[in-house]
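A.B. asks: Submitted below is the structure of interest, expressed as structure tokens.
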Amino acid sequence: MSVEVRTQQIVANDLSFTADVAGSPDGELVLLLHGFPQTRHTWRHELVALAEAGYHACAYDQRGYSAGARPHGIESYVLENMVADVFAVAEALDHPQFHLVGHDWGGGVAWTTALTRPERVKTLSVISRPHPKAFAKSLHADPEQANRSRHHKGHKRAEVTDEILANDAQRLRLGLEQGGVPPEDVEAYLNVLSDREALDAALNWYRALDMSQIPKACFTTVDMPTLYVWGNADGAVGRYAAELTQAYVNAPYRFVELPEVGHFV
């Protein structure tokens, strides 16, 4: 029997998130958080696999990416708001506890969510984004990490939105294609992010980092079973941060290194 993936609007935090959902609502909830510059499309295969395994799986376009969840003002995109969205989406789906999966920026939200309210998160699976403290430490201890993360500063500039969209979003296309993203998936992401308001809101995640202190909880250890997946050809995250992540997990932990795989695992 084939799995049906349903697209729906989830009203949470006074916003409306576009989500793909699969599996029985009676199954344990798995929330999947995409990164930049991607969308819920990232998780299309995982939704089916999780539903087949008996889970209730939900991947939603996060704040700024969903047309109905695009508030004005950079201050709307501080990290705490994305974490609040996760809890609100879970509550809207009637699941006080859930499994959490995140890639890239979605991984950053996933770590912070698990560290903020650990009693709500059953398991944590993160791809391509190390534990926040390991990441912060690597910026000082790993000479290469600051260079790998230089795009964080570049994405804060107001004019970068138009630069990325110039020439039919050539810069965005090239970045995804060079990262190994298949052409049909590039088009799926551009269906959302070629809209100037959507891309500008997505870039506000970077800009908002200057406006809030990282929650203190981010520098403690997680205490739920954790999986961390890292491609050793990742141009954004080096080995130092990836391997150091284990030091900040006080629970069963599995580290999976994928040889010759880049950031877009």
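Residue names in the structure tokens use chain letters A, B, ... in the order shown, residue numbers from 1 in each chain, and ligand numbers from 1 in the order shown.
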Using DSSP assignments from the backbone, pull out every residue in stretch 60-262 of chain A that falls under alpha helix (DSSP H) and give it to me as a ChimeraX atom specification.
C.D. replies: /A:79-92,105-116,132-141,145-148,150-154,160-178,183-193,196-207,239-244
A.B. asks: List the spatial neighbours of A:Leu199 as a count of residues only - criterion: any atom at most 10 Å away, only C-alpha atoms, same-chain residues fewer than 4 positions off excluded.
C.D. replies: 16
A.B. asks: Hey, what's within 8 Å of A:Ala217 if we count only C-alpha atoms and toss same-chain stuff fewer than 4 positions away? As JSON, numbers by chain, please?
C.D. replies: {"A": [112, 115, 116]}
A.B. asks: Please produce an output containing all heavy atoms for each residue in the selection, written as a PDB file, in the first residue's frame.
C.D. replies:
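Output (part_27.pdb):
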```pdb
ATOM      1  N   THR A 112      18.880  23.581  19.519  1.00  0.00           N
ATOM      2  CA  THR A 112      18.387  24.559  20.490  1.00  0.00           C
ATOM      3  C   THR A 112      17.063  24.122  21.092  1.00  0.00           C
ATOM      4  O   THR A 112      16.819  24.305  22.297  1.00  0.00           O
ATOM      5  CB  THR A 112      18.247  25.940  19.831  1.00  0.00           C
ATOM      6  OG1 THR A 112      19.462  26.275  19.159  1.00  0.00           O
ATOM      7  CG2 THR A 112      17.968  27.012  20.864  1.00  0.00           C
ATOM      8  N   LEU A 115      17.778  21.391  23.612  1.00  0.00           N
ATOM      9  CA  LEU A 115      18.464  21.920  24.788  1.00  0.00           C
ATOM     10  C   LEU A 115      17.539  22.802  25.630  1.00  0.00           C
ATOM     11  O   LEU A 115      17.724  22.927  26.844  1.00  0.00           O
ATOM     12  CB  LEU A 115      19.695  22.715  24.348  1.00  0.00           C
ATOM     13  CG  LEU A 115      20.854  21.863  23.811  1.00  0.00           C
ATOM     14  CD1 LEU A 115      21.801  22.711  22.977  1.00  0.00           C
ATOM     15  CD2 LEU A 115      21.606  21.197  24.958  1.00  0.00           C
ATOM     16  N   THR A 116      16.543  23.409  25.001  1.00  0.00           N
ATOM     17  CA  THR A 116      15.629  24.305  25.702  1.00  0.00           C
ATOM     18  C   THR A 116      14.584  23.544  26.505  1.00  0.00           C
ATOM     19  O   THR A 116      14.311  23.868  27.671  1.00  0.00           O
ATOM     20  CB  THR A 116      14.926  25.234  24.697  1.00  0.00           C
ATOM     21  OG1 THR A 116      15.909  25.985  23.972  1.00  0.00           O
ATOM     22  CG2 THR A 116      13.985  26.196  25.402  1.00  0.00           C
TER      23      THR A 116
END
```
A.B. asks: What residues in stretch 54-117 of chain A get the DSSP label strand (DSSP E or B)? Please answer as an MDAnalysis selection string.
C.D. replies: chainID A and resid 56:60 98:103
A.B. asks: Those residues you just picked out, can you put them in a file as a PDB file, in the first residue's frame with all heavy atoms?
C.D. replies:
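Saved as result_32.pdb:
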```pdb
ATOM      1  N   HIS A  56       4.244   9.291  12.530  1.00  0.00           N
ATOM      2  CA  HIS A  56       3.511  10.423  11.970  1.00  0.00           C
ATOM      3  C   HIS A  56       4.565  11.492  11.663  1.00  0.00           C
ATOM      4  O   HIS A  56       5.124  12.098  12.581  1.00  0.00           O
ATOM      5  CB  HIS A  56       2.488  10.937  12.988  1.00  0.00           C
ATOM      6  CG  HIS A  56       1.599  12.009  12.466  1.00  0.00           C
ATOM      7  ND1 HIS A  56       1.000  12.943  13.289  1.00  0.00           N
ATOM      8  CD2 HIS A  56       1.180  12.303  11.210  1.00  0.00           C
ATOM      9  CE1 HIS A  56       0.266  13.762  12.566  1.00  0.00           C
ATOM     10  NE2 HIS A  56       0.355  13.393  11.308  1.00  0.00           N
ATOM     11  N   ALA A  57       4.884  11.673  10.390  1.00  0.00           N
ATOM     12  CA  ALA A  57       6.010  12.517   9.998  1.00  0.00           C
ATOM     13  C   ALA A  57       5.528  13.829   9.397  1.00  0.00           C
ATOM     14  O   ALA A  57       4.599  13.846   8.584  1.00  0.00           O
ATOM     15  CB  ALA A  57       6.898  11.780   8.995  1.00  0.00           C
ATOM     16  N   CYS A  58       6.187  14.908   9.786  1.00  0.00           N
ATOM     17  CA  CYS A  58       5.800  16.249   9.326  1.00  0.00           C
ATOM     18  C   CYS A  58       7.042  17.067   8.995  1.00  0.00           C
ATOM     19  O   CYS A  58       7.922  17.252   9.832  1.00  0.00           O
ATOM     20  CB  CYS A  58       4.981  16.959  10.405  1.00  0.00           C
ATOM     21  SG  CYS A  58       4.657  18.711  10.050  1.00  0.00           S
ATOM     22  N   ALA A  59       7.093  17.545   7.758  1.00  0.00           N
ATOM     23  CA  ALA A  59       8.138  18.484   7.330  1.00  0.00           C
ATOM     24  C   ALA A  59       7.442  19.774   6.906  1.00  0.00           C
ATOM     25  O   ALA A  59       6.582  19.745   6.024  1.00  0.00           O
ATOM     26  CB  ALA A  59       8.936  17.898   6.167  1.00  0.00           C
ATOM     27  N   TYR A  60       7.798  20.875   7.529  1.00  0.00           N
ATOM     28  CA  TYR A  60       7.135  22.137   7.184  1.00  0.00           C
ATOM     29  C   TYR A  60       8.144  23.178   6.729  1.00  0.00           C
ATOM     30  O   TYR A  60       9.305  23.162   7.121  1.00  0.00           O
ATOM     31  CB  TYR A  60       6.310  22.661   8.361  1.00  0.00           C
ATOM     32  CG  TYR A  60       7.065  23.023   9.623  1.00  0.00           C
ATOM     33  CD1 TYR A  60       7.496  24.327   9.852  1.00  0.00           C
ATOM     34  CD2 TYR A  60       7.328  22.068  10.596  1.00  0.00           C
ATOM     35  CE1 TYR A  60       8.164  24.669  11.012  1.00  0.00           C
ATOM     36  CE2 TYR A  60       7.994  22.389  11.764  1.00  0.00           C
ATOM     37  CZ  TYR A  60       8.415  23.694  11.973  1.00  0.00           C
ATOM     38  OH  TYR A  60       9.083  24.030  13.131  1.00  0.00           O
ATOM     39  N   PHE A  98       7.974  14.518  20.818  1.00  0.00           N
ATOM     40  CA  PHE A  98       8.237  14.220  19.413  1.00  0.00           C
ATOM     41  C   PHE A  98       9.711  13.878  19.210  1.00  0.00           C
ATOM     42  O   PHE A  98      10.563  14.170  20.044  1.00  0.00           O
ATOM     43  CB  PHE A  98       7.862  15.420  18.535  1.00  0.00           C
ATOM     44  CG  PHE A  98       8.397  16.738  19.031  1.00  0.00           C
ATOM     45  CD1 PHE A  98       9.651  17.199  18.655  1.00  0.00           C
ATOM     46  CD2 PHE A  98       7.650  17.519  19.910  1.00  0.00           C
ATOM     47  CE1 PHE A  98      10.142  18.406  19.126  1.00  0.00           C
ATOM     48  CE2 PHE A  98       8.126  18.728  20.393  1.00  0.00           C
ATOM     49  CZ  PHE A  98       9.388  19.176  19.995  1.00  0.00           C
ATOM     50  N   HIS A  99       9.984  13.242  18.081  1.00  0.00           N
ATOM     51  CA  HIS A  99      11.347  13.040  17.608  1.00  0.00           C
ATOM     52  C   HIS A  99      11.688  14.233  16.704  1.00  0.00           C
ATOM     53  O   HIS A  99      10.816  14.738  15.984  1.00  0.00           O
ATOM     54  CB  HIS A  99      11.456  11.744  16.813  1.00  0.00           C
ATOM     55  CG  HIS A  99      11.036  10.524  17.584  1.00  0.00           C
ATOM     56  ND1 HIS A  99      11.901   9.804  18.370  1.00  0.00           N
ATOM     57  CD2 HIS A  99       9.820   9.923  17.697  1.00  0.00           C
ATOM     58  CE1 HIS A  99      11.246   8.788  18.925  1.00  0.00           C
ATOM     59  NE2 HIS A  99       9.986   8.847  18.542  1.00  0.00           N
ATOM     60  N   LEU A 100      12.939  14.656  16.709  1.00  0.00           N
ATOM     61  CA  LEU A 100      13.306  15.876  15.992  1.00  0.00           C
ATOM     62  C   LEU A 100      14.493  15.619  15.072  1.00  0.00           C
ATOM     63  O   LEU A 100      15.505  15.032  15.494  1.00  0.00           O
ATOM     64  CB  LEU A 100      13.641  16.975  16.999  1.00  0.00           C
ATOM     65  CG  LEU A 100      13.820  18.398  16.475  1.00  0.00           C
ATOM     66  CD1 LEU A 100      12.587  18.860  15.706  1.00  0.00           C
ATOM     67  CD2 LEU A 100      14.090  19.350  17.640  1.00  0.00           C
ATOM     68  N   VAL A 101      14.355  16.070  13.822  1.00  0.00           N
ATOM     69  CA  VAL A 101      15.392  15.909  12.801  1.00  0.00           C
ATOM     70  C   VAL A 101      15.651  17.276  12.180  1.00  0.00           C
ATOM     71  O   VAL A 101      14.710  18.012  11.874  1.00  0.00           O
ATOM     72  CB  VAL A 101      14.937  14.926  11.704  1.00  0.00           C
ATOM     73  CG1 VAL A 101      16.056  14.709  10.683  1.00  0.00           C
ATOM     74  CG2 VAL A 101      14.487  13.595  12.310  1.00  0.00           C
ATOM     75  N   GLY A 102      16.922  17.628  11.977  1.00  0.00           N
ATOM     76  CA  GLY A 102      17.219  18.916  11.362  1.00  0.00           C
ATOM     77  C   GLY A 102      18.491  18.890  10.548  1.00  0.00           C
ATOM     78  O   GLY A 102      19.447  18.191  10.887  1.00  0.00           O
ATOM     79  N   HIS A 103      18.497  19.654   9.466  1.00  0.00           N
ATOM     80  CA  HIS A 103      19.681  19.796   8.609  1.00  0.00           C
ATOM     81  C   HIS A 103      20.082  21.265   8.531  1.00  0.00           C
ATOM     82  O   HIS A 103      19.222  22.149   8.430  1.00  0.00           O
ATOM     83  CB  HIS A 103      19.390  19.273   7.199  1.00  0.00           C
ATOM     84  CG  HIS A 103      20.476  19.598   6.206  1.00  0.00           C
ATOM     85  ND1 HIS A 103      20.338  20.570   5.232  1.00  0.00           N
ATOM     86  CD2 HIS A 103      21.725  19.094   6.064  1.00  0.00           C
ATOM     87  CE1 HIS A 103      21.455  20.640   4.520  1.00  0.00           C
ATOM     88  NE2 HIS A 103      22.311  19.755   5.002  1.00  0.00           N
TER      89      HIS A 103
END
```
A.B. asks: Give me the residues within 7 Å of A:Arg6 as a list in words, counting only C-alpha atoms and dropping any in the same chain fewer than 5 places off.
C.D. replies: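 Counting only C-alpha atoms, the residues come to Asp20, Val21 and Ala22 of chain A.
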A.B. asks: If we count only C-alpha atoms, what is near A:Pro118 at a cut-off of 12 Å, once residues fewer than 2 positions away on the same chain are taken out, given as a PyMOL selection string?
C.D. replies: chain A and resi 87+96-100+110-116+120-124+217-218+220-226+251
A.B. asks: In terms of the shortest atom-to-atom distance over only C-alpha atoms, which of A:Ala247, A:Val265, A:Leu209, A:Ile10 is closest to A:Gly235?
C.D. replies: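 That would be A:Val265, the residue with the smallest distance to A:Gly235.
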A.B. asks: Report, in Å to a single decimal, how far apart atom CA of A:Asn232 and atom CA of A:Glu257 are.
C.D. replies: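 That distance, rounded to one decimal, is 6.5 Å.
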A.B. asks: Between A:Arg254, A:Arg207, A:Arg173, A:Lys216, which residue has the minimum interatomic distance to A:Gln38, considering only C-alpha atoms?
C.D. replies: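 The shortest atom-to-atom distance to A:Gln38 comes from A:Arg173.
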